[in-house]
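Undergrad: My structure file my_file.cif, mmCIF, C-alpha atoms, is below:
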```
data_work
loop_
_atom_site.label_atom_id
_atom_site.label_comp_id
_atom_site.auth_asym_id
_atom_site.auth_seq_id
_atom_site.Cartn_x
_atom_site.Cartn_y
_atom_site.Cartn_z
CA MET G 1 -171.11 -66.83 75.38
CA MET G 2 -172.57 -70.05 74.13
CA LEU G 3 -173.10 -71.36 77.63
CA GLU G 4 -175.16 -68.35 78.58
CA HIS G 5 -177.34 -68.61 75.48
CA VAL G 6 -178.34 -72.16 76.31
CA LEU G 7 -178.93 -71.21 79.95
CA VAL G 8 -181.20 -68.36 78.86
CA LEU G 9 -183.13 -70.80 76.63
CA SER G 10 -183.64 -73.20 79.50
CA ALA G 11 -184.71 -70.35 81.81
CA TYR G 12 -187.30 -69.33 79.21
CA LEU G 13 -188.56 -72.91 78.93
CA PHE G 14 -188.81 -73.16 82.71
CA SER G 15 -190.85 -69.96 83.07
CA ILE G 16 -193.15 -70.89 80.17
CA GLY G 17 -193.67 -74.29 81.81
CA ILE G 18 -194.57 -72.72 85.15
CA TYR G 19 -196.99 -70.32 83.48
CA GLY G 20 -198.68 -73.12 81.53
CA LEU G 21 -198.84 -75.39 84.59
CA ILE G 22 -200.59 -72.78 86.70
CA THR G 23 -203.01 -71.36 84.13
CA SER G 24 -204.14 -74.44 82.20
CA ARG G 25 -207.70 -75.61 82.65
CA ASN G 26 -207.06 -78.97 81.06
CA MET G 27 -205.34 -81.65 83.13
CA VAL G 28 -203.41 -83.16 80.21
CA ARG G 29 -202.05 -79.73 79.26
CA ALA G 30 -200.79 -79.34 82.83
CA LEU G 31 -198.91 -82.62 82.50
CA MET G 32 -197.42 -81.40 79.22
CA CYS G 33 -196.15 -78.22 80.89
CA LEU G 34 -194.65 -80.33 83.68
CA GLU G 35 -192.65 -82.18 81.04
CA LEU G 36 -191.46 -78.79 79.74
CA ILE G 37 -190.18 -77.89 83.22
CA LEU G 38 -188.30 -81.18 83.55
CA ASN G 39 -186.78 -80.71 80.12
CA ALA G 40 -185.54 -77.25 81.05
CA VAL G 41 -183.72 -78.74 84.05
CA ASN G 42 -182.27 -81.49 81.85
CA MET G 43 -180.97 -78.94 79.37
CA ASN G 44 -179.17 -77.12 82.18
CA LEU G 45 -177.61 -80.33 83.46
CA VAL G 46 -176.41 -81.47 80.03
CA THR G 47 -175.00 -78.04 79.17
CA PHE G 48 -173.01 -77.79 82.39
CA SER G 49 -171.77 -81.35 81.93
CA ASP G 50 -170.60 -80.49 78.42
CA PHE G 51 -168.80 -77.29 79.35
CA PHE G 52 -167.27 -78.15 82.71
CA ASP G 53 -167.20 -81.91 83.26
CA ASN G 54 -166.11 -83.22 79.90
CA ARG G 55 -164.18 -86.18 81.33
CA GLN G 56 -166.52 -87.62 83.89
CA LEU G 57 -170.00 -86.66 82.60
CA LYS G 58 -171.82 -86.79 85.89
CA GLY G 59 -174.42 -84.25 84.74
CA ASN G 60 -175.30 -86.52 81.83
CA ILE G 61 -175.97 -89.43 84.17
CA PHE G 62 -178.14 -87.32 86.43
CA SER G 63 -180.16 -86.21 83.40
CA ILE G 64 -180.69 -89.84 82.39
CA PHE G 65 -182.14 -90.49 85.83
CA VAL G 66 -184.37 -87.43 85.47
CA ILE G 67 -185.65 -88.74 82.12
CA ALA G 68 -186.49 -92.10 83.69
CA ILE G 69 -188.29 -90.51 86.63
CA ALA G 70 -190.23 -88.25 84.26
CA ALA G 71 -191.37 -91.30 82.29
CA ALA G 72 -192.67 -93.01 85.43
CA GLU G 73 -194.40 -89.84 86.56
CA ALA G 74 -196.05 -89.25 83.19
CA ALA G 75 -197.44 -92.79 83.19
CA ILE G 76 -198.89 -92.47 86.67
CA GLY G 77 -200.23 -88.97 86.00
CA LEU G 78 -202.03 -90.04 82.87
CA ALA G 79 -203.49 -93.09 84.63
CA ILE G 80 -204.88 -90.87 87.38
CA VAL G 81 -206.27 -88.35 84.86
CA SER G 82 -207.93 -91.11 82.86
CA SER G 83 -209.62 -92.57 85.91
CA ILE G 84 -210.78 -89.10 86.96
CA SER G 85 -212.18 -88.47 83.49
CA ARG G 86 -213.98 -91.78 83.58
CA ASN G 87 -215.65 -90.92 86.86
CA ARG G 88 -216.42 -87.25 86.37
CA LYS G 89 -216.84 -87.11 82.58
CA SER G 90 -214.66 -84.00 82.23
CA ILE G 91 -211.01 -83.04 82.66
CA ARG G 92 -211.26 -79.49 83.83
CA ILE G 93 -209.01 -78.82 86.78
CA ASN G 94 -211.45 -76.74 88.80
CA GLN G 95 -213.91 -79.64 88.96
CA SER G 96 -211.60 -81.93 90.93
CA ASN G 97 -212.45 -80.49 94.31
CA LEU G 98 -213.77 -83.55 96.11
CA LEU G 99 -211.44 -82.98 99.04
CA ASN G 100 -212.92 -79.53 99.66
CA LYS G 101 -216.06 -80.66 101.41
CA MET P 1 -169.36 -81.16 68.37
CA ASP P 2 -166.45 -80.02 66.23
CA LEU P 3 -168.33 -77.84 63.80
CA PRO P 4 -167.20 -74.52 62.36
CA LYS P 5 -168.32 -71.72 64.62
CA THR P 6 -170.77 -70.07 62.24
CA LEU P 7 -172.52 -73.40 61.57
CA HIS P 8 -172.69 -74.06 65.30
CA ASP P 9 -174.17 -70.63 65.94
CA PHE P 10 -176.65 -70.98 63.09
CA LEU P 11 -177.85 -74.35 64.36
CA LEU P 12 -178.14 -72.95 67.89
CA VAL P 13 -180.28 -70.03 66.68
CA PHE P 14 -182.40 -72.34 64.53
CA LEU P 15 -183.05 -74.87 67.30
CA GLY P 16 -183.57 -72.10 69.82
CA SER P 17 -186.25 -70.47 67.71
CA GLY P 18 -187.92 -73.87 67.19
CA LEU P 19 -187.84 -74.35 70.95
CA ILE P 20 -189.35 -70.92 71.64
CA LEU P 21 -192.17 -71.40 69.12
CA GLY P 22 -192.85 -74.95 70.26
CA SER P 23 -193.14 -74.05 73.92
CA LEU P 24 -195.41 -71.11 73.09
CA GLY P 25 -197.55 -73.53 71.10
CA VAL P 26 -197.86 -75.91 74.06
CA VAL P 27 -199.21 -73.19 76.31
CA LEU P 28 -201.22 -70.99 73.95
CA LEU P 29 -202.91 -73.29 71.43
CA THR P 30 -206.50 -74.11 72.28
CA ASN P 31 -206.75 -77.50 70.60
CA PRO P 32 -205.01 -80.04 72.89
CA ILE P 33 -203.88 -82.24 69.99
CA PHE P 34 -202.03 -79.28 68.45
CA SER P 35 -200.35 -78.52 71.73
CA ALA P 36 -199.33 -82.20 72.10
CA PHE P 37 -197.69 -82.14 68.68
CA SER P 38 -196.03 -78.86 69.52
CA LEU P 39 -194.61 -80.54 72.63
CA GLY P 40 -193.20 -83.20 70.31
CA LEU P 41 -191.49 -80.52 68.23
CA THR P 42 -190.03 -78.98 71.40
CA LEU P 43 -188.65 -82.32 72.58
CA VAL P 44 -187.05 -83.03 69.19
CA CYS P 45 -185.39 -79.58 69.22
CA ILE P 46 -184.04 -80.27 72.71
CA SER P 47 -182.65 -83.61 71.54
CA LEU P 48 -180.83 -81.94 68.65
CA LEU P 49 -179.40 -79.40 71.10
CA TYR P 50 -178.02 -82.31 73.10
CA ILE P 51 -176.29 -83.61 69.97
CA LEU P 52 -174.73 -80.14 69.54
CA SER P 53 -173.55 -80.33 73.15
CA ASN P 54 -171.61 -83.53 72.50
CA SER P 55 -173.93 -85.71 74.62
CA HIS P 56 -175.03 -88.35 72.17
CA PHE P 57 -176.31 -90.89 74.64
CA VAL P 58 -178.64 -88.44 76.36
CA ALA P 59 -179.85 -87.22 72.96
CA ALA P 60 -180.71 -90.74 71.85
CA SER P 61 -182.44 -91.59 75.13
CA GLN P 62 -184.38 -88.32 75.01
CA LEU P 63 -185.55 -89.12 71.50
CA LEU P 64 -186.51 -92.68 72.42
CA ILE P 65 -188.11 -92.10 75.81
CA TYR P 66 -189.51 -88.59 75.64
CA VAL P 67 -190.61 -88.37 72.01
CA GLY P 68 -191.22 -92.06 71.42
CA ALA P 69 -192.92 -93.04 74.67
CA ILE P 70 -194.03 -90.06 76.76
CA ASN P 71 -195.27 -87.91 73.89
CA VAL P 72 -197.13 -90.85 72.34
CA LEU P 73 -198.69 -91.58 75.73
CA ILE P 74 -199.78 -87.96 76.03
CA ILE P 75 -201.31 -88.02 72.54
CA PHE P 76 -203.21 -91.19 73.39
CA GLY P 77 -204.36 -89.57 76.62
CA VAL P 78 -205.60 -86.49 74.79
CA MET P 79 -207.46 -88.61 72.26
CA PHE P 80 -209.14 -90.82 74.84
CA MET P 81 -210.17 -88.26 77.38
CA ASN P 82 -213.54 -86.66 77.08
CA GLY P 83 -212.51 -83.24 75.87
CA SER P 84 -215.91 -81.87 75.14
CA GLU P 85 -214.80 -78.40 76.14
CA TYR P 86 -212.72 -77.85 72.99
CA TYR P 87 -214.44 -74.75 71.74
CA GLN P 88 -215.97 -73.57 74.95
CA ASP P 89 -212.54 -72.77 76.32
CA PHE P 90 -212.18 -69.38 74.76
CA ARG P 91 -209.31 -68.33 77.05
CA LEU P 92 -211.31 -65.96 79.16
CA TRP P 93 -208.49 -63.87 80.55
CA THR P 94 -208.94 -63.92 84.30
CA VAL P 95 -207.12 -61.93 86.92
CA GLY P 96 -205.19 -65.03 87.93
CA ASP P 97 -203.80 -65.35 84.41
CA GLY P 98 -202.46 -61.81 84.50
CA MET P 99 -200.88 -62.26 87.93
CA THR P 100 -199.26 -65.52 86.88
CA LEU P 101 -197.92 -63.82 83.76
CA MET P 102 -196.36 -61.09 85.87
CA VAL P 103 -194.84 -63.58 88.32
CA CYS P 104 -193.42 -65.75 85.53
CA THR P 105 -192.02 -62.74 83.71
CA SER P 106 -190.34 -61.57 86.90
CA ILE P 107 -188.83 -65.04 87.43
CA PHE P 108 -187.55 -65.01 83.85
CA ILE P 109 -186.12 -61.50 84.12
CA SER P 110 -184.38 -62.28 87.41
CA LEU P 111 -182.81 -65.39 85.87
CA ILE P 112 -181.72 -63.47 82.79
CA THR P 113 -180.06 -60.75 84.81
CA THR P 114 -178.32 -63.31 87.05
CA ILE P 115 -176.88 -65.51 84.29
CA PRO P 116 -174.45 -63.04 82.62
CA ASP P 117 -173.33 -61.71 85.99
CA THR P 118 -172.01 -64.96 87.42
CA SER P 119 -168.51 -65.89 86.46
CA TRP P 120 -168.96 -69.50 85.42
CA TYR P 121 -165.36 -70.03 84.48
CA GLY P 122 -164.27 -68.67 87.84
CA ILE P 123 -166.34 -71.36 89.58
CA ILE P 124 -164.79 -74.11 87.51
CA TRP P 125 -161.24 -72.98 88.21
CA THR P 126 -161.81 -73.29 91.94
CA THR P 127 -163.29 -76.81 91.69
CA ARG P 128 -160.90 -78.25 89.17
CA SER P 129 -158.62 -79.75 91.82
CA ASN P 130 -160.53 -83.01 92.13
CA GLN P 131 -160.75 -84.04 88.48
CA ILE P 132 -158.80 -86.91 87.08
CA ILE P 133 -157.14 -85.94 83.81
CA GLU P 134 -156.58 -89.48 82.58
CA GLN P 135 -159.19 -91.48 80.59
CA ASP P 136 -158.75 -89.53 77.39
CA LEU P 137 -159.47 -92.32 74.97
CA ILE P 138 -162.84 -93.38 76.34
CA SER P 139 -165.90 -92.25 74.42
CA THR P 140 -168.83 -90.65 76.16
CA SER P 141 -171.10 -93.71 76.05
CA GLN P 142 -168.39 -95.87 77.55
CA GLN P 143 -167.84 -93.35 80.29
CA ILE P 144 -171.57 -93.28 81.06
CA GLY P 145 -171.58 -97.08 81.19
CA ILE P 146 -168.58 -97.12 83.53
CA HIS P 147 -170.25 -94.65 85.87
CA LEU P 148 -173.58 -96.46 85.85
CA SER P 149 -171.97 -99.77 86.79
CA THR P 150 -169.51 -98.52 89.41
CA ASP P 151 -170.34 -95.17 90.95
CA PHE P 152 -174.06 -94.92 90.34
CA PHE P 153 -174.98 -98.56 90.64
CA LEU P 154 -177.41 -98.13 93.53
CA PRO P 155 -179.44 -95.35 91.85
CA PHE P 156 -179.55 -97.48 88.73
CA GLU P 157 -181.15 -100.40 90.57
CA LEU P 158 -183.48 -98.08 92.46
CA ILE P 159 -184.61 -96.52 89.17
CA SER P 160 -185.56 -99.94 87.87
CA ILE P 161 -187.60 -100.62 91.01
CA ILE P 162 -189.28 -97.22 90.67
CA LEU P 163 -190.19 -97.94 87.07
CA LEU P 164 -191.62 -101.34 88.02
CA ALA P 165 -193.72 -99.86 90.84
CA ALA P 166 -194.88 -96.96 88.67
CA LEU P 167 -196.01 -99.15 85.80
CA ILE P 168 -197.82 -101.63 88.03
CA GLY P 169 -199.51 -98.72 89.82
CA ALA P 170 -200.50 -97.06 86.55
CA ILE P 171 -202.09 -100.27 85.27
CA VAL P 172 -203.99 -100.81 88.52
CA VAL P 173 -205.29 -97.22 88.60
CA ALA P 174 -206.29 -97.06 84.95
CA ARG P 175 -208.05 -100.42 84.87
CA GLN P 176 -211.82 -100.63 84.65
#
```
Take the structure from the file and write it as structure tokens.
TA:
Amino acid sequence: MMLEHVLVLSAYLFSIGIYGLITSRNMVRALMCLELILNAVNMNLVTFSDFFDNRQLKGNIFSIFVIAIAAAEAAIGLAIVSSISRNRKSIRINQSNLLNK
Amino acid sequence: MDLPKTLHDFLLVFLGSGLILGSLGVVLLTNPIFSAFSLGLTLVCISLLYILSNSHFVAASQLLIYVGAINVLIIFGVMFMNGSEYYQDFRLWTVGDGMTLMVCTSIFISLITTIPDTSWYGIIWTTRSNQIIEQDLISTSQQIGIHLSTDFFLPFELISIILLAALIGAIVVARQ
């Protein structure tokens, strides 16, 4: 019963992250919702590793790799957003349509 | 963790409600600084849930990396970007917002109806044949260290190369 409660929490976090990622008009808020999605996946991995793999902890190691990849991706994403904001003077998502023409 | 059951349940409900409110604050608050701090609250609640799940190393690394580095980076990003549309963004509810809400609710409801129906303990009984029952006296951090230096050594080195490339790339892109 405790396993399913944590899985429901991570499913909620995942769906809230997807909703925020799609409907946010601010680029930094989209990056924040992406971190929510990755944290939902991490919570699933750690919970399964705690309940089923208590001796070998392979889910824990995978979640450490996911944390490291999320750190790298947040750094690059914020660098790109800052250079876009320096060039276009705004961070609204619907104004980054230079590839449309 | 070896807590009494009522204390464990109370902490789970407390952290779960903090998580729910924090994630709602990330998506629904209009001021981006408030939503960045709400993301910090969410990440701290997740880290405490990891401590409850007996994964102390992942909890400490989540607190250090996510709250201490990524969240601080996001707050700096929010403060330095030209957010002159603070109070012009009055959340005009478009049709796309409603459709996304319906799609996300349907994803959530399908996950919720699937989770109690799967027999998790039945899956683990069929895959228990390839687990080594020795190594009872090793703590979790030692076990993670053993795995990182024997089984997962190649991903470990590749992660360090990825981090190097990502940080050099971020500095080159964000430079003036």
Undergrad: Report as a list of chain:residue names the full result of the PyMOL selection byres ((chain G) within 6 of (chain P)) when it is applied to this structure.
TA: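 Those residues are G:Ser15, G:Gly20, G:Ala72, G:Ile76, G:Ala79, G:Ser83, G:Ser90.
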Undergrad: Filtering to C-alpha atoms, could you give me those residues as a PDB file, in the coordinates of the input?
TA:
```
ATOM      1  CA  SER G  15    -190.850 -69.960  83.070  1.00  0.00           C
ATOM      2  CA  GLY G  20    -198.680 -73.120  81.530  1.00  0.00           C
ATOM      3  CA  ALA G  72    -192.670 -93.010  85.430  1.00  0.00           C
ATOM      4  CA  ILE G  76    -198.890 -92.470  86.670  1.00  0.00           C
ATOM      5  CA  ALA G  79    -203.490 -93.090  84.630  1.00  0.00           C
ATOM      6  CA  SER G  83    -209.620 -92.570  85.910  1.00  0.00           C
ATOM      7  CA  SER G  90    -214.660 -84.000  82.230  1.00  0.00           C
TER       8      SER G  90
END
```
Undergrad: To one decimal in Å, tell me the separation between CA of Cys33 (chain G) and CA of Gly25 (chain P).
TA: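 Between CA of Cys33 (chain G) and CA of Gly25 (chain P) the gap is 10.9 Å.
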Undergrad: So what does the PyMOL selection byres ((chain G and resi 64) around 9) actually pick up in this one, as a ChimeraX atom specification?
TA: /G:42,59-63,65-69 /P:57-58,61-62
Undergrad: Taking into account all atoms listed in the file, which residue in the set P:Val95, P:Leu21, P:Val67, P:Leu154 is nearest to Ile16 (chain G)?
TA: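 Closest residue, counting all atoms listed in the file: P:Leu21.
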Undergrad: Quote the spacing between CA of Gln56 (chain G) and CA of Phe153 (chain P) in Å to one decimal place.
TA: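 Separation between CA of Gln56 (chain G) and CA of Phe153 (chain P): 15.4 Å.
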Undergrad: What would region 57-82 of chain G look like with N, CA, C and O atoms in place, written as an mmCIF file, keeping the file's coordinate frame?
TA:
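Saved to part.cif:
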```cif
data_model
loop_
_atom_site.group_PDB
_atom_site.id
_atom_site.type_symbol
_atom_site.label_atom_id
_atom_site.label_comp_id
_atom_site.auth_asym_id
_atom_site.auth_seq_id
_atom_site.Cartn_x
_atom_site.Cartn_y
_atom_site.Cartn_z
ATOM 1 N N LEU G 57 -168.622 -86.624 83.075
ATOM 2 C CA LEU G 57 -170.000 -86.660 82.600
ATOM 3 C C LEU G 57 -171.012 -87.004 83.672
ATOM 4 O O LEU G 57 -171.930 -87.759 83.446
ATOM 5 N N LYS G 58 -170.866 -86.429 84.857
ATOM 6 C CA LYS G 58 -171.820 -86.790 85.890
ATOM 7 C C LYS G 58 -173.158 -86.101 85.670
ATOM 8 O O LYS G 58 -174.195 -86.613 86.069
ATOM 9 N N GLY G 59 -173.166 -84.927 85.035
ATOM 10 C CA GLY G 59 -174.420 -84.250 84.740
ATOM 11 C C GLY G 59 -175.254 -85.032 83.748
ATOM 12 O O GLY G 59 -176.481 -85.059 83.833
ATOM 13 N N ASN G 60 -174.590 -85.687 82.796
ATOM 14 C CA ASN G 60 -175.300 -86.520 81.830
ATOM 15 C C ASN G 60 -176.017 -87.676 82.514
ATOM 16 O O ASN G 60 -177.156 -88.002 82.182
ATOM 17 N N ILE G 61 -175.366 -88.288 83.489
ATOM 18 C CA ILE G 61 -175.970 -89.430 84.170
ATOM 19 C C ILE G 61 -177.158 -88.987 84.996
ATOM 20 O O ILE G 61 -178.209 -89.644 85.016
ATOM 21 N N PHE G 62 -177.015 -87.830 85.661
ATOM 22 C CA PHE G 62 -178.140 -87.320 86.430
ATOM 23 C C PHE G 62 -179.329 -87.029 85.512
ATOM 24 O O PHE G 62 -180.483 -87.256 85.865
ATOM 25 N N SER G 63 -179.050 -86.516 84.294
ATOM 26 C CA SER G 63 -180.160 -86.210 83.400
ATOM 27 C C SER G 63 -180.823 -87.483 82.878
ATOM 28 O O SER G 63 -182.017 -87.484 82.603
ATOM 29 N N ILE G 64 -180.063 -88.568 82.760
ATOM 30 C CA ILE G 64 -180.690 -89.840 82.390
ATOM 31 C C ILE G 64 -181.637 -90.306 83.477
ATOM 32 O O ILE G 64 -182.751 -90.792 83.200
ATOM 33 N N PHE G 65 -181.227 -90.125 84.741
ATOM 34 C CA PHE G 65 -182.140 -90.490 85.830
ATOM 35 C C PHE G 65 -183.385 -89.608 85.827
ATOM 36 O O PHE G 65 -184.501 -90.066 86.108
ATOM 37 N N VAL G 66 -183.209 -88.326 85.506
ATOM 38 C CA VAL G 66 -184.370 -87.430 85.470
ATOM 39 C C VAL G 66 -185.324 -87.845 84.362
ATOM 40 O O VAL G 66 -186.550 -87.810 84.536
ATOM 41 N N ILE G 67 -184.788 -88.286 83.215
ATOM 42 C CA ILE G 67 -185.650 -88.740 82.120
ATOM 43 C C ILE G 67 -186.443 -89.971 82.547
ATOM 44 O O ILE G 67 -187.648 -90.080 82.275
ATOM 45 N N ALA G 68 -185.776 -90.897 83.264
ATOM 46 C CA ALA G 68 -186.490 -92.100 83.690
ATOM 47 C C ALA G 68 -187.580 -91.781 84.704
ATOM 48 O O ALA G 68 -188.701 -92.308 84.623
ATOM 49 N N ILE G 69 -187.283 -90.893 85.641
ATOM 50 C CA ILE G 69 -188.290 -90.510 86.630
ATOM 51 C C ILE G 69 -189.454 -89.786 85.959
ATOM 52 O O ILE G 69 -190.620 -89.975 86.322
ATOM 53 N N ALA G 70 -189.156 -88.958 84.949
ATOM 54 C CA ALA G 70 -190.230 -88.250 84.260
ATOM 55 C C ALA G 70 -191.129 -89.223 83.508
ATOM 56 O O ALA G 70 -192.343 -89.003 83.415
ATOM 57 N N ALA G 71 -190.553 -90.296 82.961
ATOM 58 C CA ALA G 71 -191.370 -91.300 82.290
ATOM 59 C C ALA G 71 -192.323 -91.986 83.264
ATOM 60 O O ALA G 71 -193.516 -92.143 82.980
ATOM 61 N N ALA G 72 -191.810 -92.367 84.427
ATOM 62 C CA ALA G 72 -192.670 -93.010 85.430
ATOM 63 C C ALA G 72 -193.772 -92.057 85.883
ATOM 64 O O ALA G 72 -194.931 -92.461 86.035
ATOM 65 N N GLU G 73 -193.401 -90.778 86.061
ATOM 66 C CA GLU G 73 -194.400 -89.840 86.560
ATOM 67 C C GLU G 73 -195.444 -89.514 85.508
ATOM 68 O O GLU G 73 -196.627 -89.332 85.822
ATOM 69 N N ALA G 74 -195.057 -89.490 84.240
ATOM 70 C CA ALA G 74 -196.050 -89.250 83.190
ATOM 71 C C ALA G 74 -197.033 -90.412 83.093
ATOM 72 O O ALA G 74 -198.234 -90.193 82.908
ATOM 73 N N ALA G 75 -196.538 -91.639 83.254
ATOM 74 C CA ALA G 75 -197.440 -92.790 83.190
ATOM 75 C C ALA G 75 -198.458 -92.758 84.323
ATOM 76 O O ALA G 75 -199.663 -92.926 84.114
ATOM 77 N N ILE G 76 -197.966 -92.491 85.536
ATOM 78 C CA ILE G 76 -198.890 -92.470 86.670
ATOM 79 C C ILE G 76 -199.856 -91.304 86.560
ATOM 80 O O ILE G 76 -201.053 -91.424 86.830
ATOM 81 N N GLY G 77 -199.355 -90.140 86.116
ATOM 82 C CA GLY G 77 -200.230 -88.970 86.000
ATOM 83 C C GLY G 77 -201.332 -89.180 85.000
ATOM 84 O O GLY G 77 -202.493 -88.825 85.228
ATOM 85 N N LEU G 78 -200.991 -89.804 83.871
ATOM 86 C CA LEU G 78 -202.030 -90.040 82.870
ATOM 87 C C LEU G 78 -203.008 -91.118 83.323
ATOM 88 O O LEU G 78 -204.199 -91.046 82.992
ATOM 89 N N ALA G 79 -202.556 -92.095 84.094
ATOM 90 C CA ALA G 79 -203.490 -93.090 84.630
ATOM 91 C C ALA G 79 -204.486 -92.446 85.584
ATOM 92 O O ALA G 79 -205.694 -92.720 85.524
ATOM 93 N N ILE G 80 -203.982 -91.545 86.436
ATOM 94 C CA ILE G 80 -204.880 -90.870 87.380
ATOM 95 C C ILE G 80 -205.866 -89.979 86.635
ATOM 96 O O ILE G 80 -207.066 -89.950 86.938
ATOM 97 N N VAL G 81 -205.379 -89.248 85.610
ATOM 98 C CA VAL G 81 -206.270 -88.350 84.860
ATOM 99 C C VAL G 81 -207.321 -89.157 84.102
ATOM 100 O O VAL G 81 -208.481 -88.754 84.020
ATOM 101 N N SER G 82 -206.939 -90.328 83.594
ATOM 102 C CA SER G 82 -207.930 -91.110 82.860
ATOM 103 C C SER G 82 -208.979 -91.694 83.784
ATOM 104 O O SER G 82 -210.163 -91.754 83.435
#
```
